[in-house]
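As stored in protein.pdb (PDB, C-alpha atoms, pLDDT in the B column):
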```pdb
ATOM      1  CA  MET A 761       0.000   0.000   0.000  1.00 29.00           C
ATOM      2  CA  LEU A 762       1.240   3.458  -0.853  1.00 34.00           C
ATOM      3  CA  SER A 763      -0.588   6.697  -0.327  1.00 36.00           C
ATOM      4  CA  ALA A 764       0.447  10.300  -0.744  1.00 37.00           C
ATOM      5  CA  ALA A 765      -0.314  12.737   2.061  1.00 38.00           C
ATOM      6  CA  ARG A 766       0.318  16.357   3.013  1.00 36.00           C
ATOM      7  CA  LYS A 767       1.382  16.922   6.620  1.00 37.00           C
ATOM      8  CA  GLY A 768       2.773  20.126   8.055  1.00 38.00           C
ATOM      9  CA  GLY A 769       3.550  21.477   4.595  1.00 39.00           C
ATOM     10  CA  ALA A 770       5.798  18.518   3.769  1.00 42.00           C
ATOM     11  CA  ASN A 771       4.940  15.827   1.279  1.00 43.00           C
ATOM     12  CA  SER A 772       5.063  12.318   2.575  1.00 43.00           C
ATOM     13  CA  ALA A 773       4.194   8.836   1.467  1.00 44.00           C
ATOM     14  CA  ALA A 774       2.775   6.139   3.707  1.00 43.00           C
ATOM     15  CA  ILE A 775       4.317   2.798   2.885  1.00 42.00           C
ATOM     16  CA  SER A 776       3.170  -0.371   4.561  1.00 41.00           C
ATOM     17  CA  SER A 777       6.229  -2.523   4.170  1.00 48.00           C
ATOM     18  CA  ASN A 778       8.915  -3.901   6.392  1.00 45.00           C
ATOM     19  CA  ARG A 779      11.813  -2.565   4.254  1.00 51.00           C
ATOM     20  CA  PRO A 780      11.620   1.204   3.646  1.00 60.00           C
ATOM     21  CA  SER A 781      14.203   1.555   6.415  1.00 64.00           C
ATOM     22  CA  LEU A 782      16.826   0.688   3.774  1.00 61.00           C
ATOM     23  CA  LEU A 783      15.801   3.798   1.853  1.00 63.00           C
ATOM     24  CA  ALA A 784      15.831   5.865   5.040  1.00 67.00           C
ATOM     25  CA  ALA A 785      19.282   4.506   5.908  1.00 65.00           C
ATOM     26  CA  GLY A 786      20.408   5.353   2.370  1.00 60.00           C
ATOM     27  CA  GLY A 787      19.296   8.978   2.830  1.00 63.00           C
ATOM     28  CA  VAL A 788      16.460   8.783   0.297  1.00 62.00           C
ATOM     29  CA  LEU A 789      13.524   8.900   2.742  1.00 69.00           C
ATOM     30  CA  ASP A 790      12.945  10.611   6.096  1.00 72.00           C
ATOM     31  CA  VAL A 791      10.414   9.437   8.652  1.00 76.00           C
ATOM     32  CA  ALA A 792       7.843  12.235   8.609  1.00 74.00           C
ATOM     33  CA  ASP A 793       5.420  10.762  11.149  1.00 77.00           C
ATOM     34  CA  GLU A 794       4.778   7.625  13.180  1.00 82.00           C
ATOM     35  CA  ARG A 795       1.516   6.383  14.700  1.00 84.00           C
ATOM     36  CA  ARG A 796       0.080   3.189  16.125  1.00 86.00           C
ATOM     37  CA  VAL A 797      -2.584   1.520  13.996  1.00 85.00           C
ATOM     38  CA  ARG A 798      -4.159  -1.690  15.345  1.00 88.00           C
ATOM     39  CA  GLY A 799      -1.027  -2.582  17.289  1.00 87.00           C
ATOM     40  CA  ALA A 800       1.386  -1.896  14.429  1.00 85.00           C
ATOM     41  CA  VAL A 801       3.474   1.210  13.822  1.00 81.00           C
ATOM     42  CA  GLU A 802       2.618   3.076  10.636  1.00 79.00           C
ATOM     43  CA  ARG A 803       5.377   5.352   9.420  1.00 75.00           C
ATOM     44  CA  ARG A 804       4.967   8.110   6.889  1.00 73.00           C
ATOM     45  CA  TYR A 805       8.040   8.780   4.843  1.00 69.00           C
ATOM     46  CA  ARG A 806       8.944  11.861   2.871  1.00 67.00           C
ATOM     47  CA  LEU A 807      11.334  11.950  -0.049  1.00 64.00           C
ATOM     48  CA  ARG A 808      14.447  13.943   0.820  1.00 67.00           C
ATOM     49  CA  GLN A 809      15.089  16.334  -2.055  1.00 62.00           C
ATOM     50  CA  GLU A 810      18.808  16.509  -1.306  1.00 60.00           C
ATOM     51  CA  GLY A 811      19.021  12.730  -1.059  1.00 55.00           C
ATOM     52  CA  ALA A 812      16.665  11.872  -3.888  1.00 59.00           C
ATOM     53  CA  GLY A 813      19.353   9.788  -5.572  1.00 66.00           C
ATOM     54  CA  ILE A 814      20.410   6.359  -4.404  1.00 73.00           C
ATOM     55  CA  ALA A 815      24.115   5.573  -4.145  1.00 80.00           C
ATOM     56  CA  ALA A 816      25.215   2.729  -6.435  1.00 86.00           C
ATOM     57  CA  GLU A 817      26.124   0.430  -3.516  1.00 89.00           C
ATOM     58  CA  THR A 818      22.719   1.038  -1.887  1.00 86.00           C
ATOM     59  CA  ALA A 819      20.939   0.446  -5.212  1.00 87.00           C
ATOM     60  CA  ARG A 820      22.798  -2.840  -5.706  1.00 91.00           C
ATOM     61  CA  ALA A 821      21.695  -4.008  -2.249  1.00 91.00           C
ATOM     62  CA  LEU A 822      18.016  -3.462  -3.070  1.00 89.00           C
ATOM     63  CA  THR A 823      15.831  -6.229  -4.450  1.00 91.00           C
ATOM     64  CA  PRO A 824      13.557  -5.525  -7.426  1.00 93.00           C
ATOM     65  CA  GLN A 825      10.693  -5.252  -4.905  1.00 91.00           C
ATOM     66  CA  HIS A 826      12.643  -2.613  -2.937  1.00 88.00           C
ATOM     67  CA  HIS A 827      13.293  -0.664  -6.144  1.00 89.00           C
ATOM     68  CA  GLU A 828       9.583  -0.837  -6.960  1.00 90.00           C
ATOM     69  CA  ARG A 829       8.687   0.502  -3.503  1.00 85.00           C
ATOM     70  CA  ALA A 830      11.273   3.279  -3.773  1.00 82.00           C
ATOM     71  CA  PHE A 831       9.929   4.249  -7.196  1.00 86.00           C
ATOM     72  CA  ALA A 832       6.351   4.192  -5.868  1.00 86.00           C
ATOM     73  CA  ALA A 833       7.371   6.403  -2.931  1.00 80.00           C
ATOM     74  CA  ALA A 834       9.076   8.857  -5.286  1.00 81.00           C
ATOM     75  CA  MET A 835       6.017   8.928  -7.562  1.00 87.00           C
ATOM     76  CA  ALA A 836       3.674   9.418  -4.591  1.00 83.00           C
ATOM     77  CA  ALA A 837       5.777  12.373  -3.427  1.00 81.00           C
ATOM     78  CA  LEU A 838       5.782  13.800  -6.962  1.00 87.00           C
ATOM     79  CA  ILE A 839       2.001  13.391  -7.263  1.00 89.00           C
ATOM     80  CA  ALA A 840       1.517  15.086  -3.870  1.00 84.00           C
ATOM     81  CA  GLU A 841       3.768  17.980  -4.954  1.00 86.00           C
ATOM     82  CA  PHE A 842       1.839  18.356  -8.219  1.00 91.00           C
ATOM     83  CA  GLY A 843      -1.492  18.237  -6.379  1.00 90.00           C
ATOM     84  CA  ALA A 844      -0.296  20.925  -3.962  1.00 88.00           C
ATOM     85  CA  TYR A 845       0.768  23.063  -6.938  1.00 92.00           C
ATOM     86  CA  LEU A 846      -2.651  22.697  -8.604  1.00 94.00           C
ATOM     87  CA  GLU A 847      -4.416  23.617  -5.338  1.00 91.00           C
ATOM     88  CA  ARG A 848      -2.388  26.842  -4.957  1.00 93.00           C
ATOM     89  CA  GLU A 849      -4.113  30.121  -5.679  1.00 95.00           C
ATOM     90  CA  GLY A 850      -3.202  31.291  -9.180  1.00 95.00           C
ATOM     91  CA  SER A 851      -1.623  28.087 -10.443  1.00 95.00           C
ATOM     92  CA  ASP A 852      -1.657  28.042 -14.244  1.00 96.00           C
ATOM     93  CA  PRO A 853      -0.025  24.986 -15.833  1.00 97.00           C
ATOM     94  CA  VAL A 854       0.108  26.608 -19.293  1.00 97.00           C
ATOM     95  CA  ASP A 855       1.541  29.937 -18.133  1.00 96.00           C
ATOM     96  CA  ASP A 856       3.902  28.186 -15.696  1.00 95.00           C
ATOM     97  CA  LEU A 857       5.223  26.005 -18.564  1.00 95.00           C
ATOM     98  CA  VAL A 858       4.349  22.790 -16.716  1.00 96.00           C
ATOM     99  CA  GLY A 859       5.370  19.749 -18.689  1.00 94.00           C
ATOM    100  CA  TYR A 860       5.030  16.012 -18.353  1.00 92.00           C
ATOM    101  CA  ARG A 861       6.589  14.429 -21.359  1.00 91.00           C
ATOM    102  CA  GLN A 862       7.616  10.906 -22.108  1.00 92.00           C
ATOM    103  CA  HIS A 863       9.969   9.935 -24.895  1.00 92.00           C
ATOM    104  CA  ALA A 864      11.135   6.460 -25.879  1.00 91.00           C
ATOM    105  CA  LEU A 865      14.751   6.499 -27.037  1.00 92.00           C
ATOM    106  CA  TRP A 866      16.836   3.685 -28.493  1.00 90.00           C
ATOM    107  CA  LEU A 867      20.261   4.205 -26.903  1.00 92.00           C
ATOM    108  CA  SER A 868      23.489   2.262 -26.692  1.00 92.00           C
ATOM    109  CA  LYS A 869      25.212   2.209 -23.294  1.00 94.00           C
ATOM    110  CA  ASP A 870      27.635   4.896 -24.534  1.00 97.00           C
ATOM    111  CA  GLU A 871      24.766   7.073 -25.800  1.00 97.00           C
ATOM    112  CA  LEU A 872      22.936   6.673 -22.477  1.00 96.00           C
ATOM    113  CA  VAL A 873      26.048   7.683 -20.522  1.00 96.00           C
ATOM    114  CA  ALA A 874      26.492  10.701 -22.830  1.00 98.00           C
ATOM    115  CA  LEU A 875      22.825  11.711 -22.405  1.00 97.00           C
ATOM    116  CA  ILE A 876      23.081  11.499 -18.621  1.00 96.00           C
ATOM    117  CA  GLY A 877      26.276  13.562 -18.700  1.00 97.00           C
ATOM    118  CA  THR A 878      24.652  16.207 -20.908  1.00 97.00           C
ATOM    119  CA  MET A 879      21.644  16.430 -18.613  1.00 97.00           C
ATOM    120  CA  GLN A 880      23.848  16.663 -15.512  1.00 96.00           C
ATOM    121  CA  ALA A 881      25.960  19.379 -17.149  1.00 97.00           C
ATOM    122  CA  ALA A 882      22.823  21.389 -17.951  1.00 97.00           C
ATOM    123  CA  ILE A 883      21.170  20.940 -14.539  1.00 96.00           C
ATOM    124  CA  ALA A 884      24.088  21.032 -12.055  1.00 95.00           C
ATOM    125  CA  PRO A 885      24.903  24.764 -12.323  1.00 96.00           C
ATOM    126  CA  LEU A 886      21.235  25.680 -11.824  1.00 96.00           C
ATOM    127  CA  LEU A 887      21.023  23.740  -8.544  1.00 93.00           C
ATOM    128  CA  ALA A 888      23.093  26.506  -6.914  1.00 94.00           C
ATOM    129  CA  ASN A 889      20.605  29.258  -7.883  1.00 96.00           C
ATOM    130  CA  PRO A 890      19.409  30.999  -4.722  1.00 96.00           C
ATOM    131  CA  PRO A 891      15.752  31.920  -4.300  1.00 95.00           C
ATOM    132  CA  SER A 892      14.797  35.386  -5.530  1.00 97.00           C
ATOM    133  CA  ARG A 893      11.728  37.385  -6.541  1.00 96.00           C
ATOM    134  CA  GLU A 894      12.484  36.641 -10.197  1.00 96.00           C
ATOM    135  CA  ARG A 895      12.727  32.872  -9.665  1.00 96.00           C
ATOM    136  CA  THR A 896      10.178  30.141  -9.096  1.00 93.00           C
ATOM    137  CA  ARG A 897      11.252  26.782  -7.682  1.00 91.00           C
ATOM    138  CA  TYR A 898      10.552  24.047 -10.247  1.00 92.00           C
ATOM    139  CA  LEU A 899      10.718  20.300  -9.696  1.00 90.00           C
ATOM    140  CA  LEU A 900      12.536  18.372 -12.391  1.00 91.00           C
ATOM    141  CA  SER A 901      12.301  14.595 -12.045  1.00 90.00           C
ATOM    142  CA  PRO A 902      14.197  12.708 -14.757  1.00 91.00           C
ATOM    143  CA  ILE A 903      13.303   9.017 -14.808  1.00 91.00           C
ATOM    144  CA  MET A 904      15.026   6.552 -17.108  1.00 91.00           C
ATOM    145  CA  PHE A 905      14.835   2.791 -17.393  1.00 92.00           C
ATOM    146  CA  PRO A 906      15.017   0.285 -20.240  1.00 92.00           C
ATOM    147  CA  ALA A 907      11.560  -0.273 -21.695  1.00 90.00           C
ATOM    148  CA  GLU A 908      12.410  -2.803 -24.397  1.00 79.00           C
ATOM    149  CA  GLN A 909      15.058  -5.442 -24.916  1.00 75.00           C
ATOM    150  CA  ALA A 910      17.497  -5.964 -27.794  1.00 65.00           C
ATOM    151  CA  GLU A 911      15.262  -8.619 -29.381  1.00 71.00           C
ATOM    152  CA  GLN A 912      12.523  -6.029 -29.694  1.00 69.00           C
ATOM    153  CA  ALA A 913      15.047  -3.613 -31.220  1.00 68.00           C
ATOM    154  CA  GLU A 914      15.784  -6.151 -33.942  1.00 72.00           C
ATOM    155  CA  GLN A 915      12.065  -6.406 -34.716  1.00 73.00           C
ATOM    156  CA  ALA A 916      11.815  -2.599 -34.853  1.00 71.00           C
ATOM    157  CA  GLU A 917      14.773  -2.448 -37.264  1.00 74.00           C
ATOM    158  CA  GLN A 918      13.012  -4.910 -39.557  1.00 77.00           C
ATOM    159  CA  GLN A 919       9.833  -2.768 -39.519  1.00 76.00           C
ATOM    160  CA  GLY A 920      11.717   0.387 -40.548  1.00 71.00           C
ATOM    161  CA  PRO A 921      11.691   3.937 -39.169  1.00 69.00           C
ATOM    162  CA  GLN A 922       8.594   5.214 -37.359  1.00 67.00           C
ATOM    163  CA  GLU A 923       7.180   8.745 -37.400  1.00 67.00           C
ATOM    164  CA  PRO A 924       7.948  10.541 -34.130  1.00 64.00           C
ATOM    165  CA  THR A 925       4.978  11.168 -31.875  1.00 60.00           C
ATOM    166  CA  PRO A 926       4.395  14.662 -30.449  1.00 60.00           C
ATOM    167  CA  PRO A 927       5.426  15.088 -26.791  1.00 56.00           C
ATOM    168  CA  LEU A 928       2.821  14.898 -24.030  1.00 53.00           C
ATOM    169  CA  GLY A 929       2.000  18.031 -22.088  1.00 54.00           C
ATOM    170  CA  GLY A 930       3.414  20.570 -24.455  1.00 51.00           C
TER     171      GLY A 930
END
```
Any chance you could give the structure as structure tokens?
Amino acid sequence: MLSAARKGGANSAAISSNRPSLLAAGGVLDVADERRVRGAVERRYRLRQEGAGIAAETARALTPQHHERAFAAAMAALIAEFGAYLEREGSDPVDDLVGYRQHALWLSKDELVALIGTMQAAIAPLLANPPSRERTRYLLSPIMFPAEQAEQAEQAEQQGPQEPTPPLGG
């Protein structure tokens, strides 16, 4: 079970599982709240923005089920943040240039590494921007994972090039 919640102005996700402590120990989640429910302790976790990445050694220690829970917690926090944005007075997704796009890319390992490097080079300097009257804090949540295997790539090659589809959300 995973549910998004707003508590004290901080986004949190309630996860009923016996393993989110790994993510807390890895600096990805903070315990936002604890309460007793029918004799058990329910903990609400919040995604730590500064620790939103998982170190390689921590990621290797996680099972696929742990990765799925971590991803679900991150998505719940993102959904809660987006909901809070939409509920704010004067929110305007078009004027605020809100985007939620999804692109499928066929990449070699070298191309993927280059893409990640390019994105990091573009984003890293902006992380140091201080708040100001001219700036609005935006959430940027890159998510990448392989969606198809090499066998499917061979089938796609045999079918020929496809027309690109327009991006979602803008």
How would you write, as an NGL selection string, the residues chosen by the PyMOL selection byres ((chain A and resi 904) around 10) on this structure?
:A and (862-865 or 872 or 876 or 901-903 or 905-907)
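Atom pair atom CA of A:Ala834 / atom CA of A:Arg893 has a distance of 28.7 Å (rounded to one decimal).
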To one decimal place in Å, what is the distance between atom CA of A:Ala916 and atom CA of A:Glu828?
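Computing it gives 28.0 Å between the two atoms.
The space separating atom CA of A:Glu847 from atom CA of A:Leu900 comes to 19.1 Å.
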Can you spell out as number ranges by chain the set of residues that the PyMOL selection byres ((chain A and resi 803) around 6) selects in the structure I just provided?
A: 793-794, 802, 804
I would like the residues chosen by the PyMOL selection byres ((chain A and resi 856) around 12) on the shown file; could you give them as a PyMOL selection string?
chain A and resi 845-846+850-855+857-859+895-898+930
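Distances to A:Gln909 were evaluated for A:Leu867, A:Ala881, A:Ala888, A:Ala815 using all atoms listed in the file, and the minimum falls at A:Leu867.
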With 6 Å of padding per side, what axis-aligned box (centre and edge lengths, Å, one decimal) covers all the listed atoms of stretch 789-803 of chain A? Give it as lines of an AutoDock Vina configuration file.
```
center_x = 4.7
center_y = 4.8
center_z = 10.0
size_x = 29.7
size_y = 26.8
size_z = 26.5
```
